[in-house]
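Structure file query13.cif; described as mmCIF, C-alpha atoms.
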data_upload
#
loop_
_atom_site.label_atom_id
_atom_site.label_comp_id
_atom_site.auth_asym_id
_atom_site.auth_seq_id
_atom_site.Cartn_x
_atom_site.Cartn_y
_atom_site.Cartn_z
CA MET A 1 0.00 0.00 0.00
CA GLY A 2 2.81 2.40 0.92
CA LYS A 3 4.60 1.64 -2.35
CA ARG A 4 1.43 2.36 -4.40
CA LYS A 5 0.91 5.69 -2.62
CA LYS A 6 4.48 6.62 -3.38
CA GLN A 7 3.97 5.84 -7.07
CA GLN A 8 0.71 7.78 -7.16
CA SER A 9 2.37 10.74 -5.43
CA LEU A 10 5.25 10.61 -7.93
CA ILE A 11 2.86 10.48 -10.91
CA LYS A 12 0.88 13.39 -9.48
CA ARG A 13 4.08 15.38 -9.01
CA GLN A 14 5.20 14.65 -12.56
CA LYS A 15 1.81 15.79 -13.88
CA GLU A 16 2.06 19.02 -11.87
CA LEU A 17 5.56 19.67 -13.17
CA ARG A 18 4.43 19.03 -16.75
CA ARG A 19 1.37 21.28 -16.29
CA ASN A 20 3.57 24.04 -14.83
CA SER A 21 6.04 23.62 -17.67
CA LEU A 22 3.27 23.89 -20.27
CA GLN A 23 1.81 26.94 -18.54
CA LYS A 24 5.22 28.63 -18.48
CA ALA A 25 5.79 27.82 -22.16
CA ALA A 26 2.34 29.17 -23.06
CA MET A 27 2.96 32.34 -21.04
CA LYS A 28 6.36 32.79 -22.66
CA LYS A 29 4.77 32.38 -26.09
CA ARG A 30 2.03 34.92 -25.26
CA ASN A 31 4.60 37.42 -23.95
CA LYS A 32 6.71 36.98 -27.08
CA ALA A 33 3.65 37.52 -29.28
CA LYS A 34 2.77 40.68 -27.30
CA GLN A 35 6.32 42.00 -27.66
CA GLN A 36 6.30 41.32 -31.40
CA ALA A 37 2.90 42.99 -31.77
CA LEU A 38 4.15 46.01 -29.81
CA LYS A 39 7.30 46.17 -31.94
CA LEU A 40 5.25 46.00 -35.14
CA LYS A 41 2.93 48.74 -33.87
CA LYS A 42 5.89 50.97 -33.05
CA GLU A 43 7.37 50.34 -36.50
CA LYS A 44 4.01 51.04 -38.13
CA ASP A 45 3.57 54.26 -36.15
CA LYS A 46 7.10 55.28 -37.04
CA ALA A 47 6.48 54.58 -40.73
CA MET A 48 3.22 56.54 -40.68
CA LYS A 49 4.98 59.57 -39.15
CA ALA A 50 7.88 59.44 -41.63
CA ARG A 51 8.16 62.24 -44.17
CA ILE A 52 10.04 62.66 -47.45
CA PRO A 53 13.39 64.35 -46.66
CA TYR A 54 13.23 66.49 -49.82
CA ALA A 55 11.62 69.92 -50.13
CA PRO A 56 10.22 71.56 -53.29
CA THR A 57 13.10 74.05 -53.18
CA ASP A 58 15.82 71.37 -53.00
CA ARG A 59 18.07 70.94 -56.01
CA VAL A 60 18.60 67.18 -56.16
CA LEU A 61 21.06 65.00 -58.06
CA LEU A 62 20.05 61.33 -58.20
CA ILE A 63 22.73 58.72 -58.83
CA GLY A 64 22.34 55.16 -60.14
CA GLU A 65 18.63 55.48 -60.80
CA GLY A 66 17.94 52.10 -62.43
CA ASP A 67 14.41 52.41 -63.85
CA PHE A 68 14.05 56.07 -62.71
CA SER A 69 11.01 55.23 -60.58
CA PHE A 70 12.47 57.15 -57.61
CA ALA A 71 12.95 60.25 -59.78
CA ALA A 72 9.38 59.92 -61.06
CA ALA A 73 8.15 59.56 -57.46
CA LEU A 74 9.88 62.82 -56.45
CA VAL A 75 8.18 64.55 -59.37
CA LYS A 76 4.82 63.35 -58.03
CA THR A 77 5.54 64.26 -54.40
CA ALA A 78 8.24 66.78 -53.47
CA TYR A 79 8.04 68.63 -56.79
CA SER A 80 4.31 68.25 -57.46
CA THR A 81 3.64 71.95 -56.79
CA VAL A 82 6.72 73.34 -58.56
CA PRO A 83 5.91 75.05 -61.89
CA LEU A 84 7.58 73.61 -64.99
CA LYS A 85 9.36 76.90 -65.63
CA ASP A 86 10.94 76.85 -62.16
CA MET A 87 12.02 73.23 -62.52
CA ARG A 88 13.82 74.01 -65.76
CA MET A 89 15.29 77.38 -64.77
CA THR A 90 16.90 75.97 -61.64
CA SER A 91 17.93 72.48 -62.84
CA ARG A 92 15.91 71.39 -59.80
CA LEU A 93 16.11 67.64 -60.51
CA VAL A 94 18.87 65.79 -62.37
CA ALA A 95 18.56 61.99 -62.45
CA THR A 96 21.38 59.77 -63.71
CA CYS A 97 22.27 56.16 -64.43
CA LEU A 98 25.29 54.23 -65.69
CA ASP A 99 23.41 52.42 -68.50
CA ASN A 100 22.74 53.86 -71.94
CA GLU A 101 19.13 54.30 -73.07
CA GLU A 102 19.08 51.06 -75.06
CA GLN A 103 20.30 49.07 -72.04
CA LEU A 104 17.72 50.83 -69.87
CA THR A 105 14.73 49.78 -71.94
CA THR A 106 16.04 46.22 -72.12
CA LYS A 107 16.78 45.88 -68.42
CA TYR A 108 13.89 47.93 -67.06
CA PRO A 109 10.60 47.73 -69.00
CA GLY A 110 9.11 50.62 -66.99
CA ALA A 111 12.05 52.98 -67.46
CA ALA A 112 10.74 54.74 -70.59
CA ALA A 113 7.52 55.86 -68.88
CA ASN A 114 9.41 57.08 -65.80
CA ILE A 115 11.91 59.01 -67.92
CA GLU A 116 9.07 60.66 -69.82
CA CYS A 117 7.42 61.61 -66.51
CA VAL A 118 10.63 63.25 -65.24
CA ARG A 119 11.35 65.11 -68.48
CA LYS A 120 7.77 66.30 -68.80
CA ALA A 121 8.02 67.83 -65.31
CA GLY A 122 11.21 69.69 -66.23
CA GLY A 123 13.72 67.22 -64.80
CA ILE A 124 16.95 66.31 -66.60
CA ILE A 125 18.00 62.73 -67.42
CA LEU A 126 21.67 61.80 -67.89
CA THR A 127 22.66 58.31 -69.04
CA GLU A 128 26.10 56.66 -69.19
CA PHE A 129 26.92 58.67 -66.08
CA ASP A 130 29.90 57.67 -63.94
CA ALA A 131 29.23 58.45 -60.27
CA THR A 132 32.91 58.01 -59.36
CA SER A 133 34.05 60.99 -61.44
CA MET A 134 30.90 63.13 -61.60
CA HIS A 135 32.71 66.25 -60.37
CA GLU A 136 34.44 66.27 -63.77
CA SER A 137 31.36 65.44 -65.89
CA LYS A 138 30.85 67.81 -68.83
CA ASP A 139 27.24 66.60 -69.23
CA LEU A 140 26.51 67.46 -65.61
CA LYS A 141 28.15 70.88 -65.97
CA ASP A 142 25.97 71.55 -69.02
CA ALA A 143 22.87 70.40 -67.10
CA VAL A 144 23.44 72.75 -64.15
CA ALA A 145 24.34 75.59 -66.51
CA GLN A 146 20.74 75.44 -67.74
CA GLY A 147 19.76 76.41 -64.22
CA GLY A 148 22.22 79.28 -64.02
CA HIS A 149 24.99 77.41 -62.16
CA PHE A 150 28.42 77.66 -63.73
CA SER A 151 30.17 75.47 -61.18
CA LEU A 152 29.27 72.03 -59.87
CA LYS A 153 30.36 73.06 -56.40
CA GLY A 154 27.17 73.85 -54.52
CA ALA A 155 24.97 73.26 -57.57
CA PHE A 156 22.93 70.68 -55.61
CA ASP A 157 21.46 70.69 -52.12
CA LYS A 158 21.21 66.88 -52.03
CA ILE A 159 23.23 64.24 -53.89
CA VAL A 160 21.35 60.96 -53.51
CA PHE A 161 22.56 57.41 -54.17
CA ASN A 162 19.93 54.78 -53.30
CA PHE A 163 21.13 51.19 -52.94
CA PRO A 164 24.55 51.48 -54.60
CA HIS A 165 25.67 48.21 -56.17
CA THR A 166 28.06 47.26 -58.95
CA GLY A 167 26.13 44.17 -60.10
CA CYS A 168 29.53 42.54 -60.60
CA GLY A 169 28.31 39.16 -59.32
CA ILE A 170 31.58 38.27 -57.56
CA LYS A 171 30.98 35.09 -55.55
CA ASP A 172 33.91 35.59 -53.19
CA THR A 173 32.32 37.51 -50.29
CA LEU A 174 35.52 39.26 -49.19
CA LYS A 175 36.32 40.41 -52.74
CA ASN A 176 32.73 41.49 -53.32
CA ASN A 177 32.76 43.55 -50.13
CA GLU A 178 36.05 45.16 -51.13
CA VAL A 179 34.69 46.15 -54.56
CA HIS A 180 31.68 47.84 -52.96
CA ARG A 181 33.79 49.61 -50.36
CA GLU A 182 35.85 51.01 -53.23
CA LEU A 183 32.67 52.09 -55.04
CA LEU A 184 31.41 53.94 -51.96
CA CYS A 185 34.78 55.64 -51.38
CA SER A 186 35.07 56.74 -55.02
CA PHE A 187 31.51 58.07 -55.04
CA LEU A 188 31.93 59.93 -51.75
CA ASP A 189 35.25 61.41 -52.86
CA SER A 190 33.74 62.72 -56.11
CA ALA A 191 30.57 63.98 -54.38
CA SER A 192 32.60 65.76 -51.69
CA LYS A 193 34.17 67.95 -54.38
CA MET A 194 30.67 69.23 -55.27
CA LEU A 195 29.52 70.11 -51.76
CA LYS A 196 29.19 73.44 -50.04
CA LYS A 197 28.60 73.84 -46.32
CA ALA A 198 24.82 73.28 -46.44
CA SER A 199 24.86 70.51 -49.08
CA GLU A 200 24.25 66.87 -48.17
CA ILE A 201 24.99 63.43 -49.57
CA HIS A 202 22.31 60.78 -48.97
CA VAL A 203 23.18 57.09 -49.31
CA THR A 204 20.60 54.35 -48.73
CA LEU A 205 21.69 50.79 -47.96
CA LYS A 206 19.86 47.62 -47.06
CA LYS A 207 20.19 46.43 -43.48
CA GLY A 208 22.10 43.21 -42.81
CA GLU A 209 24.78 41.41 -44.77
CA PRO A 210 26.67 41.90 -46.97
CA TYR A 211 25.83 45.60 -46.70
CA ASP A 212 26.83 45.95 -43.04
CA SER A 213 30.29 44.68 -44.01
CA TRP A 214 30.73 47.59 -46.40
CA GLU A 215 31.07 49.67 -43.21
CA PHE A 216 29.62 52.87 -44.61
CA PRO A 217 30.50 55.07 -41.58
CA ASN A 218 34.13 54.03 -42.05
CA ARG A 219 33.97 54.88 -45.75
CA VAL A 220 32.81 58.37 -44.79
CA ARG A 221 35.76 58.72 -42.42
CA ASP A 222 38.13 57.52 -45.14
CA ILE A 223 37.45 60.67 -47.16
CA GLY A 224 38.65 62.85 -44.30
CA ILE A 225 36.59 65.97 -44.98
CA LEU A 226 33.15 64.36 -44.56
CA SER A 227 31.04 63.75 -41.49
CA LEU A 228 28.06 61.41 -40.96
CA ILE A 229 25.42 63.67 -39.41
CA ARG A 230 22.29 61.50 -39.10
CA ALA A 231 20.50 58.38 -40.33
CA TRP A 232 16.88 57.28 -40.70
CA ASP A 233 14.86 54.30 -41.94
CA PHE A 234 13.94 54.26 -45.62
CA TYR A 235 10.23 53.72 -46.34
CA PRO A 236 9.30 52.90 -49.98
CA HIS A 237 5.64 53.82 -49.38
CA LEU A 238 6.64 57.49 -49.19
CA TYR A 239 7.50 57.36 -52.88
CA PRO A 240 4.43 56.33 -54.94
CA GLY A 241 5.38 54.08 -57.85
CA TYR A 242 8.93 53.52 -56.59
CA GLN A 243 10.23 50.02 -57.25
CA HIS A 244 13.62 48.95 -55.99
CA ARG A 245 15.45 47.36 -58.91
CA ARG A 246 18.55 45.21 -58.92
CA THR A 247 21.51 46.42 -60.97
CA LEU A 248 21.17 43.47 -63.35
CA GLY A 249 17.68 44.64 -64.29
CA ALA A 250 13.99 44.09 -63.66
CA ALA A 251 13.60 41.95 -66.78
CA LEU A 252 15.86 39.29 -65.28
CA HIS A 253 14.38 39.53 -61.80
CA SER A 254 10.68 40.16 -62.43
CA THR A 255 7.99 38.22 -60.60
CA GLU A 256 7.14 36.49 -63.88
CA ALA A 257 10.76 35.35 -64.25
CA GLY A 258 10.78 33.94 -60.75
CA GLY A 259 12.25 37.03 -59.11
CA PRO A 260 10.98 38.90 -56.04
CA GLU A 261 7.94 41.17 -56.00
CA ALA A 262 8.48 44.91 -56.19
CA ASN A 263 10.42 46.16 -53.12
CA LYS A 264 10.53 42.62 -51.65
CA ASP A 265 14.33 42.91 -51.69
CA ILE A 266 14.19 45.76 -49.18
CA ALA A 267 11.32 44.42 -47.06
CA SER A 268 13.82 43.49 -44.32
CA GLY A 269 14.64 47.16 -43.95
CA ALA A 270 16.92 49.87 -45.30
CA ARG A 271 18.57 52.95 -43.87
CA THR A 272 19.50 56.32 -45.35
CA TYR A 273 22.69 58.04 -44.17
CA ALA A 274 23.18 61.81 -44.47
CA VAL A 275 26.71 63.12 -44.92
CA LYS A 276 28.03 66.69 -44.99
CA LEU A 277 31.34 68.47 -45.20
CA LYS A 278 33.02 68.19 -41.84
CA GLN A 279 32.95 71.27 -39.67
CA PHE A 280 36.40 71.15 -38.19
CA ASP A 281 35.27 72.66 -34.89
CA GLU A 282 33.00 69.64 -34.30
CA SER A 283 34.12 67.61 -31.32
CA LYS A 284 32.47 64.36 -32.38
CA GLU A 285 30.53 62.68 -35.15
CA VAL A 286 26.97 61.42 -34.91
CA ASN A 287 26.29 58.07 -33.26
CA ASN A 288 24.06 56.28 -35.81
CA ASN A 289 23.43 53.12 -33.77
#

Using structure tokens, write down the structure from this file.
Amino acid sequence: MGKRKKQQSLIKRQKELRRNSLQKAAMKKRNKAKQQALKLKKEKDKAMKARIPYAPTDRVLLIGEGDFSFAAALVKTAYSTVPLKDMRMTSRLVATCLDNEEQLTTKYPGAAANIECVRKAGGIILTEFDATSMHESKDLKDAVAQGGHFSLKGAFDKIVFNFPHTGCGIKDTLKNNEVHRELLCSFLDSASKMLKKASEIHVTLKKGEPYDSWEFPNRVRDIGILSLIRAWDFYPHLYPGYQHRRTLGAALHSTEAGGPEANKDIASGARTYAVKLKQFDESKEVNNN
């Protein structure tokens, strides 16, 4: 009898332990779900409060535009109230890409419509544009001259490079990272030669690897005369019609061809970094963590 009671007591204890364990697991799961829901709400609220960091008066140079959907989006938002005459007289928006027009239409089926939208609004399109030597570009000098600027220095308030990428397809991660660090340094060095005190460079990068390994803050420091002043999350919904496109082209990576949906590549998050000429009396740079 004593042995049976012991067994029953042991079984009861085991059941209690199991029940407690299940309750703790369920509570942990509920707490995790609550935390995730709270995090999502905060992110949603943050996204809803976000605003386009470009004003109608800003003179903007866009680099590496791909299908020019970002340029077209600025025309429909930041520049929607700017008269055509003012857009043209001030060279308010200049959008560039490395490809020629034939490559553009092949790689990006929607590029032609976006280019027409930008040009119709008074924006300027430059193709076959090298972002690593733009401070010496004759085409860019001619473009800003239309707006009454006879020097590239200070001709733009914002120089913007969204999602820089060479599209080189190097499989070796270390080599690939090195190539993109060099791209960022060359771009920043060229852009720095076009800045005045109030001008800014904006670079948007995806969060995570391999982009974190490009160490953008370090690339800014490498130039010596630049300072990282702030950073913010990039929200595609602020730019109607914007579609993030890979350097290799939308035609190769469309949904129909088995590629990701529009902006799926940046669904995990992206961040824009603002850079200015360093004020040499500054005691420290911004902490962008």

What separation in Å, quoted to one decimal, exists between atom CA of A:Phe68 and atom CA of A:Leu195? 23.6 Å

Coordinates-based distance that separates atom CA of A:Asp157 from atom CA of A:Pro56 (Å, one decimal):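 Pair atom CA of A:Pro56 / atom CA of A:Asp157 returns 11.3 Å.
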
Measuring between all atoms listed in the file, which one of A:Ile11, A:Lys49, A:Lys193, A:Ala270 shows the shortest distance to A:His244? A:Ala270

Quick one: residues within 7 Å of A:Leu62, all atoms listed in the file, excluding same-chain residues fewer than 6 positions away - as a list in words?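 Neighbouring residues, sequence-local ones excluded: Val94, Ala95, Thr96, Ile159, Val160 and Phe161 of chain A.
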
Could you save those same residues with C-alpha atoms as a compact mmCIF listing (two decimals), in the coordinates of the input?
# COMPACT_ATOMS: atom_id res chain seq x y z
CA VAL A 94 18.87 65.79 -62.37
CA ALA A 95 18.56 61.99 -62.45
CA THR A 96 21.38 59.77 -63.71
CA ILE A 159 23.23 64.24 -53.89
CA VAL A 160 21.35 60.96 -53.51
CA PHE A 161 22.56 57.41 -54.17

Residue IDs satisfying the PyMOL selection byres ((chain A and resi 58) around 10), as a list in words: Pro53, Tyr54, Ala55, Pro56, Thr57, Arg59, Val60, Leu61, Ala78, Tyr79, Thr90, Arg92, Leu93, Phe156, Asp157, Lys158 and Ser199 of chain A

Residues picked by the PyMOL selection byres ((chain A and resi 183) around 12) here, as a PyMOL selection string? chain A and resi 64+130-133+161+163-168+176-182+184-190+214+216+219

Which of these, A:Gly122, A:Ala72, A:Glu65, A:Pro109, has the shortest distance to A:Ser91 once you count all atoms listed in the file?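 Ranked by minimum distance to A:Ser91, first place goes to A:Gly122.
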
With N, CA, C and O atoms as the atom set, please write stretch 224-249 of chain A from the structure just given, as an mmCIF file, in the first residue's frame.
data_model
loop_
_atom_site.group_PDB
_atom_site.id
_atom_site.type_symbol
_atom_site.label_atom_id
_atom_site.label_comp_id
_atom_site.auth_asym_id
_atom_site.auth_seq_id
_atom_site.Cartn_x
_atom_site.Cartn_y
_atom_site.Cartn_z
ATOM 1 N N GLY A 224 37.938 61.858 -45.109
ATOM 2 C CA GLY A 224 38.648 62.848 -44.295
ATOM 3 C C GLY A 224 37.919 64.153 -44.081
ATOM 4 O O GLY A 224 37.958 64.712 -42.985
ATOM 5 N N ILE A 225 37.259 64.668 -45.112
ATOM 6 C CA ILE A 225 36.592 65.973 -44.982
ATOM 7 C C ILE A 225 35.082 65.836 -44.813
ATOM 8 O O ILE A 225 34.365 66.838 -44.785
ATOM 9 N N LEU A 226 34.592 64.593 -44.681
ATOM 10 C CA LEU A 226 33.152 64.357 -44.557
ATOM 11 C C LEU A 226 32.787 63.889 -43.159
ATOM 12 O O LEU A 226 33.597 63.281 -42.458
ATOM 13 N N SER A 227 31.534 64.155 -42.798
ATOM 14 C CA SER A 227 31.037 63.748 -41.487
ATOM 15 C C SER A 227 29.637 63.155 -41.632
ATOM 16 O O SER A 227 28.789 63.712 -42.336
ATOM 17 N N LEU A 228 29.387 62.021 -40.979
ATOM 18 C CA LEU A 228 28.059 61.412 -40.959
ATOM 19 C C LEU A 228 27.233 62.147 -39.903
ATOM 20 O O LEU A 228 27.565 62.132 -38.725
ATOM 21 N N ILE A 229 26.147 62.803 -40.341
ATOM 22 C CA ILE A 229 25.416 63.667 -39.407
ATOM 23 C C ILE A 229 24.141 63.043 -38.847
ATOM 24 O O ILE A 229 23.731 63.356 -37.739
ATOM 25 N N ARG A 230 23.491 62.163 -39.610
ATOM 26 C CA ARG A 230 22.294 61.504 -39.105
ATOM 27 C C ARG A 230 21.929 60.327 -40.015
ATOM 28 O O ARG A 230 22.474 60.195 -41.109
ATOM 29 N N ALA A 231 20.974 59.521 -39.544
ATOM 30 C CA ALA A 231 20.502 58.377 -40.334
ATOM 31 C C ALA A 231 19.048 58.104 -39.979
ATOM 32 O O ALA A 231 18.612 58.384 -38.863
ATOM 33 N N TRP A 232 18.293 57.575 -40.947
ATOM 34 C CA TRP A 232 16.880 57.275 -40.699
ATOM 35 C C TRP A 232 16.460 56.087 -41.563
ATOM 36 O O TRP A 232 17.116 55.765 -42.567
ATOM 37 N N ASP A 233 15.363 55.441 -41.177
ATOM 38 C CA ASP A 233 14.861 54.301 -41.939
ATOM 39 C C ASP A 233 14.251 54.768 -43.257
ATOM 40 O O ASP A 233 13.603 55.816 -43.327
ATOM 41 N N PHE A 234 14.466 53.962 -44.287
ATOM 42 C CA PHE A 234 13.943 54.264 -45.624
ATOM 43 C C PHE A 234 12.607 53.544 -45.807
ATOM 44 O O PHE A 234 12.527 52.328 -45.621
ATOM 45 N N TYR A 235 11.567 54.299 -46.159
ATOM 46 C CA TYR A 235 10.229 53.718 -46.343
ATOM 47 C C TYR A 235 9.769 53.899 -47.792
ATOM 48 O O TYR A 235 9.448 55.017 -48.216
ATOM 49 N N PRO A 236 9.703 52.813 -48.561
ATOM 50 C CA PRO A 236 9.303 52.901 -49.975
ATOM 51 C C PRO A 236 7.917 53.502 -50.177
ATOM 52 O O PRO A 236 7.667 54.141 -51.205
ATOM 53 N N HIS A 237 7.008 53.332 -49.190
ATOM 54 C CA HIS A 237 5.637 53.817 -49.382
ATOM 55 C C HIS A 237 5.565 55.347 -49.484
ATOM 56 O O HIS A 237 4.558 55.898 -49.940
ATOM 57 N N LEU A 238 6.620 56.035 -49.075
ATOM 58 C CA LEU A 238 6.640 57.492 -49.186
ATOM 59 C C LEU A 238 6.799 57.951 -50.631
ATOM 60 O O LEU A 238 6.573 59.120 -50.947
ATOM 61 N N TYR A 239 7.206 57.025 -51.488
ATOM 62 C CA TYR A 239 7.504 57.359 -52.878
ATOM 63 C C TYR A 239 6.600 56.559 -53.816
ATOM 64 O O TYR A 239 6.960 55.466 -54.262
ATOM 65 N N PRO A 240 5.405 57.060 -54.121
ATOM 66 C CA PRO A 240 4.432 56.330 -54.939
ATOM 67 C C PRO A 240 5.019 55.898 -56.285
ATOM 68 O O PRO A 240 5.606 56.698 -57.012
ATOM 69 N N GLY A 241 4.872 54.601 -56.576
ATOM 70 C CA GLY A 241 5.378 54.076 -57.846
ATOM 71 C C GLY A 241 6.821 53.628 -57.795
ATOM 72 O O GLY A 241 7.328 53.018 -58.748
ATOM 73 N N TYR A 242 7.520 53.927 -56.678
ATOM 74 C CA TYR A 242 8.926 53.524 -56.587
ATOM 75 C C TYR A 242 9.043 52.012 -56.493
ATOM 76 O O TYR A 242 8.322 51.361 -55.736
ATOM 77 N N GLN A 243 9.963 51.457 -57.283
ATOM 78 C CA GLN A 243 10.233 50.023 -57.248
ATOM 79 C C GLN A 243 11.736 49.806 -57.204
ATOM 80 O O GLN A 243 12.448 50.176 -58.149
ATOM 81 N N HIS A 244 12.193 49.237 -56.103
ATOM 82 C CA HIS A 244 13.619 48.949 -55.993
ATOM 83 C C HIS A 244 14.002 47.922 -57.052
ATOM 84 O O HIS A 244 13.379 46.870 -57.166
ATOM 85 N N ARG A 245 15.016 48.244 -57.838
ATOM 86 C CA ARG A 245 15.449 47.357 -58.909
ATOM 87 C C ARG A 245 16.903 46.957 -58.724
ATOM 88 O O ARG A 245 17.741 47.789 -58.387
ATOM 89 N N ARG A 246 17.169 45.678 -58.984
ATOM 90 C CA ARG A 246 18.546 45.208 -58.917
ATOM 91 C C ARG A 246 19.333 45.753 -60.108
ATOM 92 O O ARG A 246 18.780 46.025 -61.163
ATOM 93 N N THR A 247 20.651 45.857 -59.933
ATOM 94 C CA THR A 247 21.513 46.419 -60.970
ATOM 95 C C THR A 247 21.442 45.617 -62.260
ATOM 96 O O THR A 247 21.569 46.166 -63.357
ATOM 97 N N LEU A 248 21.219 44.312 -62.152
ATOM 98 C CA LEU A 248 21.166 43.467 -63.347
ATOM 99 C C LEU A 248 19.887 43.660 -64.141
ATOM 100 O O LEU A 248 19.772 43.201 -65.273
ATOM 101 N N GLY A 249 18.888 44.306 -63.538
ATOM 102 C CA GLY A 249 17.685 44.639 -64.289
ATOM 103 C C GLY A 249 16.428 43.953 -63.819
ATOM 104 O O GLY A 249 16.450 42.838 -63.297
#
